[in-house]
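Have a look at the structure below, then the notes.
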Amino acid sequence: MKLLYFAWLREKIGVSEEDVTLPANLLSVADLVGWLKGRGPGYEAAFAQANLVRCAIDQEFGRAESSIAGAKEIAFFPPVTGG
Amino acid sequence: MPRIIVQHEDFDAGAELARLNAGDVGGIGSFIGVVRGEGKITALHLEHYPAMTERALMKIADEAMARWPLHDCTIIHRVGTLHPGDNIVFVAAASAHRDAALRATAFLIDWLKTSAPFWKREDFVSGTSAWVVAREADEAVAAAWTK
């Protein structure tokens, strides 16, 4: 699965994208976040405040409880600030 | 068919408005967002999610077309490095009557603020830099359109 990070999540994690093979027991975005937080201090810092993190699953906005089954690309980012 | 553009370059608002003046249009509403310096910001960097941005903007435009009897609408958003006074975003809606054109224009910019994957980082006169924090007020304004 391809993971993308934007804005300060990208800066804290240190990469803009990566390909990962996930354990089969990860079902939701929240499960994925929990797994990512165990990958190092950068991830821990990026996901420390779950209320400040938004996601998109295959380019559609998702939520913590959204299923990640079959997803090809998941992006994590702060609340958007365009316009 | 909504016109959706994400680009580094500036846009020509006059040309965009002229393009919407087609067929039996009775009015065109528009909004231009401009970089606000407030005497402390030297530059604004706009990052986005290229694979998703145009799709998200098209969803916002399609929603406007479904809610109001529009002839057409346009969303143009700039990315990259901008400076105080620069244009950031252009939205416009053309309809037979002003009510639909003006309401749809407000909807387009309100929803864009909370539903399109753009992020701003500001450079300050002091030499520091910070990501812009999303405003809860923007969420509330966008949510009001769902009632």
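Each chain in the structure tokens gets a letter, A, B, ..., in the order shown, and its residues are numbered from 1; ligands are numbered from 1 in order too.
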
Residue list for chain B near chain A as a PyMOL selection string, 7 Å, only C-alpha atoms: chain B and resi 33+51-52+88-89+109+112-114+116-120+132+134

Region 21-32 of chain A surroundings by only C-alpha atoms, 10 Å radius, close-in-sequence under 5 positions cut, as a list in words: Met1, Lys2, Lys37, Ala50, Cys55, Ala56, Ile57, Gly62, Arg63, Ala64, Glu65, Ser66, Ser67, Ile68, Ala69, Ile74 and Phe76 of chain A

With C-alpha atoms kept, could you save the residues just selected as a PDB file, in the first residue's frame?
```pdb
ATOM      1  CA  MET A   1       0.000   0.000   0.000  1.00  0.00           C
ATOM      2  CA  LYS A   2       1.161   3.497  -0.814  1.00  0.00           C
ATOM      3  CA  LYS A  37       2.924   5.290  15.558  1.00  0.00           C
ATOM      4  CA  ALA A  50      -5.324  12.403  16.373  1.00  0.00           C
ATOM      5  CA  CYS A  55      -7.015  11.246   5.804  1.00  0.00           C
ATOM      6  CA  ALA A  56      -7.997  10.283   2.287  1.00  0.00           C
ATOM      7  CA  ILE A  57      -8.473   6.728   1.062  1.00  0.00           C
ATOM      8  CA  GLY A  62     -12.019   9.205   5.023  1.00  0.00           C
ATOM      9  CA  ARG A  63     -12.454   8.967   8.793  1.00  0.00           C
ATOM     10  CA  ALA A  64     -10.723   7.104  11.620  1.00  0.00           C
ATOM     11  CA  GLU A  65     -13.290   4.310  11.443  1.00  0.00           C
ATOM     12  CA  SER A  66     -13.137   3.995   7.618  1.00  0.00           C
ATOM     13  CA  SER A  67     -12.135   0.588   6.280  1.00  0.00           C
ATOM     14  CA  ILE A  68      -8.764   0.332   4.554  1.00  0.00           C
ATOM     15  CA  ALA A  69      -9.572  -3.009   2.928  1.00  0.00           C
ATOM     16  CA  ILE A  74      -3.886   6.378   1.866  1.00  0.00           C
ATOM     17  CA  PHE A  76      -2.538  11.688   5.942  1.00  0.00           C
TER      18      PHE A  76
END
```

Residue set, region 28-138 of chain B restricted to alpha helix (DSSP H), as a ChimeraX atom specification: /B:50-67,98-115,136-138

Output C-alpha atoms for every residue in that selection, as a PDB file, in the first residue's frame.
```pdb
ATOM      1  CA  PRO B  50      -2.086  16.513  -6.905  1.00  0.00           C
ATOM      2  CA  ALA B  51      -3.798  13.159  -7.442  1.00  0.00           C
ATOM      3  CA  MET B  52      -6.822  14.295  -5.437  1.00  0.00           C
ATOM      4  CA  THR B  53      -7.119  18.066  -5.859  1.00  0.00           C
ATOM      5  CA  GLU B  54      -8.893  18.331  -9.203  1.00  0.00           C
ATOM      6  CA  ARG B  55     -11.286  15.529  -8.273  1.00  0.00           C
ATOM      7  CA  ALA B  56     -12.157  17.234  -4.976  1.00  0.00           C
ATOM      8  CA  LEU B  57     -12.714  20.578  -6.720  1.00  0.00           C
ATOM      9  CA  MET B  58     -14.906  18.912  -9.359  1.00  0.00           C
ATOM     10  CA  LYS B  59     -17.041  17.386  -6.592  1.00  0.00           C
ATOM     11  CA  ILE B  60     -17.563  20.858  -5.099  1.00  0.00           C
ATOM     12  CA  ALA B  61     -18.453  22.293  -8.530  1.00  0.00           C
ATOM     13  CA  ASP B  62     -20.799  19.394  -9.304  1.00  0.00           C
ATOM     14  CA  GLU B  63     -22.537  19.936  -5.965  1.00  0.00           C
ATOM     15  CA  ALA B  64     -23.074  23.629  -6.830  1.00  0.00           C
ATOM     16  CA  MET B  65     -24.423  22.686 -10.277  1.00  0.00           C
ATOM     17  CA  ALA B  66     -26.850  20.244  -8.608  1.00  0.00           C
ATOM     18  CA  ARG B  67     -28.060  22.756  -5.997  1.00  0.00           C
ATOM     19  CA  ARG B  98     -28.465  36.762  -9.505  1.00  0.00           C
ATOM     20  CA  ASP B  99     -29.709  34.763  -6.532  1.00  0.00           C
ATOM     21  CA  ALA B 100     -28.395  31.438  -7.832  1.00  0.00           C
ATOM     22  CA  ALA B 101     -25.164  33.013  -9.116  1.00  0.00           C
ATOM     23  CA  LEU B 102     -24.364  34.743  -5.819  1.00  0.00           C
ATOM     24  CA  ARG B 103     -25.353  31.843  -3.568  1.00  0.00           C
ATOM     25  CA  ALA B 104     -23.435  29.336  -5.662  1.00  0.00           C
ATOM     26  CA  THR B 105     -20.358  31.580  -5.595  1.00  0.00           C
ATOM     27  CA  ALA B 106     -20.455  31.726  -1.787  1.00  0.00           C
ATOM     28  CA  PHE B 107     -20.979  27.960  -1.610  1.00  0.00           C
ATOM     29  CA  LEU B 108     -18.015  27.276  -3.911  1.00  0.00           C
ATOM     30  CA  ILE B 109     -15.547  29.249  -1.787  1.00  0.00           C
ATOM     31  CA  ASP B 110     -17.008  28.106   1.549  1.00  0.00           C
ATOM     32  CA  TRP B 111     -16.774  24.432   0.609  1.00  0.00           C
ATOM     33  CA  LEU B 112     -13.403  24.817  -1.037  1.00  0.00           C
ATOM     34  CA  LYS B 113     -12.040  26.088   2.299  1.00  0.00           C
ATOM     35  CA  THR B 114     -12.865  22.821   4.051  1.00  0.00           C
ATOM     36  CA  SER B 115     -13.134  20.190   1.290  1.00  0.00           C
ATOM     37  CA  GLU B 136     -13.143  26.321  13.179  1.00  0.00           C
ATOM     38  CA  ALA B 137     -15.227  29.203  11.848  1.00  0.00           C
ATOM     39  CA  ASP B 138     -14.572  27.955   8.297  1.00  0.00           C
TER      40      ASP B 138
END
```

Env of region 38-46 of chain B: 7 Å cut, atoms = only C-alpha atoms, seq-sep filter 2 positions within chain, self excluded. Answer as a PDB file with N, CA and C atoms, in the first residue's frame.
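Saved file part.pdb follows:
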```pdb
ATOM      1  N   ARG B  36      -3.105  37.864   2.034  1.00  0.00           N
ATOM      2  CA  ARG B  36      -3.146  38.967   2.986  1.00  0.00           C
ATOM      3  C   ARG B  36      -1.804  39.037   3.718  1.00  0.00           C
ATOM      4  N   HIS B  48      -0.383  20.992  -2.197  1.00  0.00           N
ATOM      5  CA  HIS B  48      -1.650  20.282  -2.418  1.00  0.00           C
ATOM      6  C   HIS B  48      -1.376  18.815  -2.707  1.00  0.00           C
ATOM      7  N   VAL B  79      -1.104  27.210  -6.734  1.00  0.00           N
ATOM      8  CA  VAL B  79      -0.227  26.496  -5.798  1.00  0.00           C
ATOM      9  C   VAL B  79       1.185  27.044  -5.968  1.00  0.00           C
ATOM     10  N   GLY B  80       2.054  26.671  -5.035  1.00  0.00           N
ATOM     11  CA  GLY B  80       3.430  27.160  -5.094  1.00  0.00           C
ATOM     12  C   GLY B  80       3.620  28.353  -4.171  1.00  0.00           C
ATOM     13  N   THR B  81       4.609  29.186  -4.469  1.00  0.00           N
ATOM     14  CA  THR B  81       4.933  30.317  -3.599  1.00  0.00           C
ATOM     15  C   THR B  81       4.267  31.596  -4.094  1.00  0.00           C
ATOM     16  N   LEU B  82       3.520  32.243  -3.190  1.00  0.00           N
ATOM     17  CA  LEU B  82       2.803  33.484  -3.501  1.00  0.00           C
ATOM     18  C   LEU B  82       3.219  34.561  -2.504  1.00  0.00           C
ATOM     19  N   HIS B  83       2.895  35.802  -2.831  1.00  0.00           N
ATOM     20  CA  HIS B  83       3.279  36.933  -1.982  1.00  0.00           C
ATOM     21  C   HIS B  83       2.074  37.817  -1.712  1.00  0.00           C
ATOM     22  N   PRO B  84       2.148  38.645  -0.648  1.00  0.00           N
ATOM     23  CA  PRO B  84       1.007  39.518  -0.324  1.00  0.00           C
ATOM     24  C   PRO B  84       0.542  40.299  -1.559  1.00  0.00           C
ATOM     25  N   PHE B 118      -5.637  21.444   0.120  1.00  0.00           N
ATOM     26  CA  PHE B 118      -4.587  22.462   0.031  1.00  0.00           C
ATOM     27  C   PHE B 118      -4.120  22.789   1.448  1.00  0.00           C
ATOM     28  N   TRP B 119      -2.827  23.099   1.562  1.00  0.00           N
ATOM     29  CA  TRP B 119      -2.277  23.521   2.862  1.00  0.00           C
ATOM     30  C   TRP B 119      -1.367  24.720   2.645  1.00  0.00           C
ATOM     31  N   LYS B 120      -1.492  25.703   3.547  1.00  0.00           N
ATOM     32  CA  LYS B 120      -0.699  26.932   3.438  1.00  0.00           C
ATOM     33  C   LYS B 120       0.372  26.983   4.524  1.00  0.00           C
ATOM     34  N   ARG B 121       1.569  27.393   4.132  1.00  0.00           N
ATOM     35  CA  ARG B 121       2.626  27.690   5.106  1.00  0.00           C
ATOM     36  C   ARG B 121       3.059  29.136   4.895  1.00  0.00           C
ATOM     37  N   GLU B 122       3.132  29.881   5.988  1.00  0.00           N
ATOM     38  CA  GLU B 122       3.469  31.301   5.901  1.00  0.00           C
ATOM     39  C   GLU B 122       4.905  31.552   6.334  1.00  0.00           C
ATOM     40  N   ASP B 123       5.593  32.413   5.581  1.00  0.00           N
ATOM     41  CA  ASP B 123       6.909  32.919   5.990  1.00  0.00           C
ATOM     42  C   ASP B 123       6.686  34.309   6.582  1.00  0.00           C
ATOM     43  N   PHE B 124       7.268  34.535   7.748  1.00  0.00           N
ATOM     44  CA  PHE B 124       7.074  35.811   8.429  1.00  0.00           C
ATOM     45  C   PHE B 124       8.271  36.737   8.277  1.00  0.00           C
ATOM     46  N   VAL B 125       8.019  38.025   8.483  1.00  0.00           N
ATOM     47  CA  VAL B 125       9.071  39.044   8.411  1.00  0.00           C
ATOM     48  C   VAL B 125      10.216  38.682   9.361  1.00  0.00           C
TER      49      VAL B 125
END
```

Non-local contacts of Leu3 (chain A) (9 Å; only C-alpha atoms; under 5 positions in same chain excluded) as a PyMOL selection string: chain A and resi 16-20+72-76

Those in chain A with strand (DSSP E or B) from DSSP, as number ranges by chain: A: 2-5, 17-19, 28, 54-57, 60-62, 67, 73-77

Selection to disk with C-alpha atoms, as a PDB file, in the first residue's frame:
```
ATOM      1  CA  LYS A   2       1.161   3.497  -0.814  1.00  0.00           C
ATOM      2  CA  LEU A   3       1.115   6.036   2.027  1.00  0.00           C
ATOM      3  CA  LEU A   4       1.343   9.787   1.455  1.00  0.00           C
ATOM      4  CA  TYR A   5       2.001  12.554   3.978  1.00  0.00           C
ATOM      5  CA  GLU A  17       5.452   8.903   0.465  1.00  0.00           C
ATOM      6  CA  GLU A  18       6.348   5.280   1.046  1.00  0.00           C
ATOM      7  CA  ASP A  19       5.237   1.793   0.094  1.00  0.00           C
ATOM      8  CA  SER A  28      -9.475   0.669   9.786  1.00  0.00           C
ATOM      9  CA  ARG A  54      -7.238  13.978   8.445  1.00  0.00           C
ATOM     10  CA  CYS A  55      -7.015  11.246   5.804  1.00  0.00           C
ATOM     11  CA  ALA A  56      -7.997  10.283   2.287  1.00  0.00           C
ATOM     12  CA  ILE A  57      -8.473   6.728   1.062  1.00  0.00           C
ATOM     13  CA  GLU A  60     -11.540  10.365  -1.132  1.00  0.00           C
ATOM     14  CA  PHE A  61     -11.769  11.908   2.353  1.00  0.00           C
ATOM     15  CA  GLY A  62     -12.019   9.205   5.023  1.00  0.00           C
ATOM     16  CA  SER A  67     -12.135   0.588   6.280  1.00  0.00           C
ATOM     17  CA  GLU A  73      -3.293   4.756  -1.511  1.00  0.00           C
ATOM     18  CA  ILE A  74      -3.886   6.378   1.866  1.00  0.00           C
ATOM     19  CA  ALA A  75      -2.906   9.970   2.551  1.00  0.00           C
ATOM     20  CA  PHE A  76      -2.538  11.688   5.942  1.00  0.00           C
ATOM     21  CA  PHE A  77      -2.589  15.463   6.368  1.00  0.00           C
TER      22      PHE A  77
END
```

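Of the residues under consideration (B:Ala96, B:Ile76, B:Val35, B:Val91), B:Ala96 shows the shortest atom-to-atom contact distance to Asn21 (chain B) when counting only C-alpha atoms.
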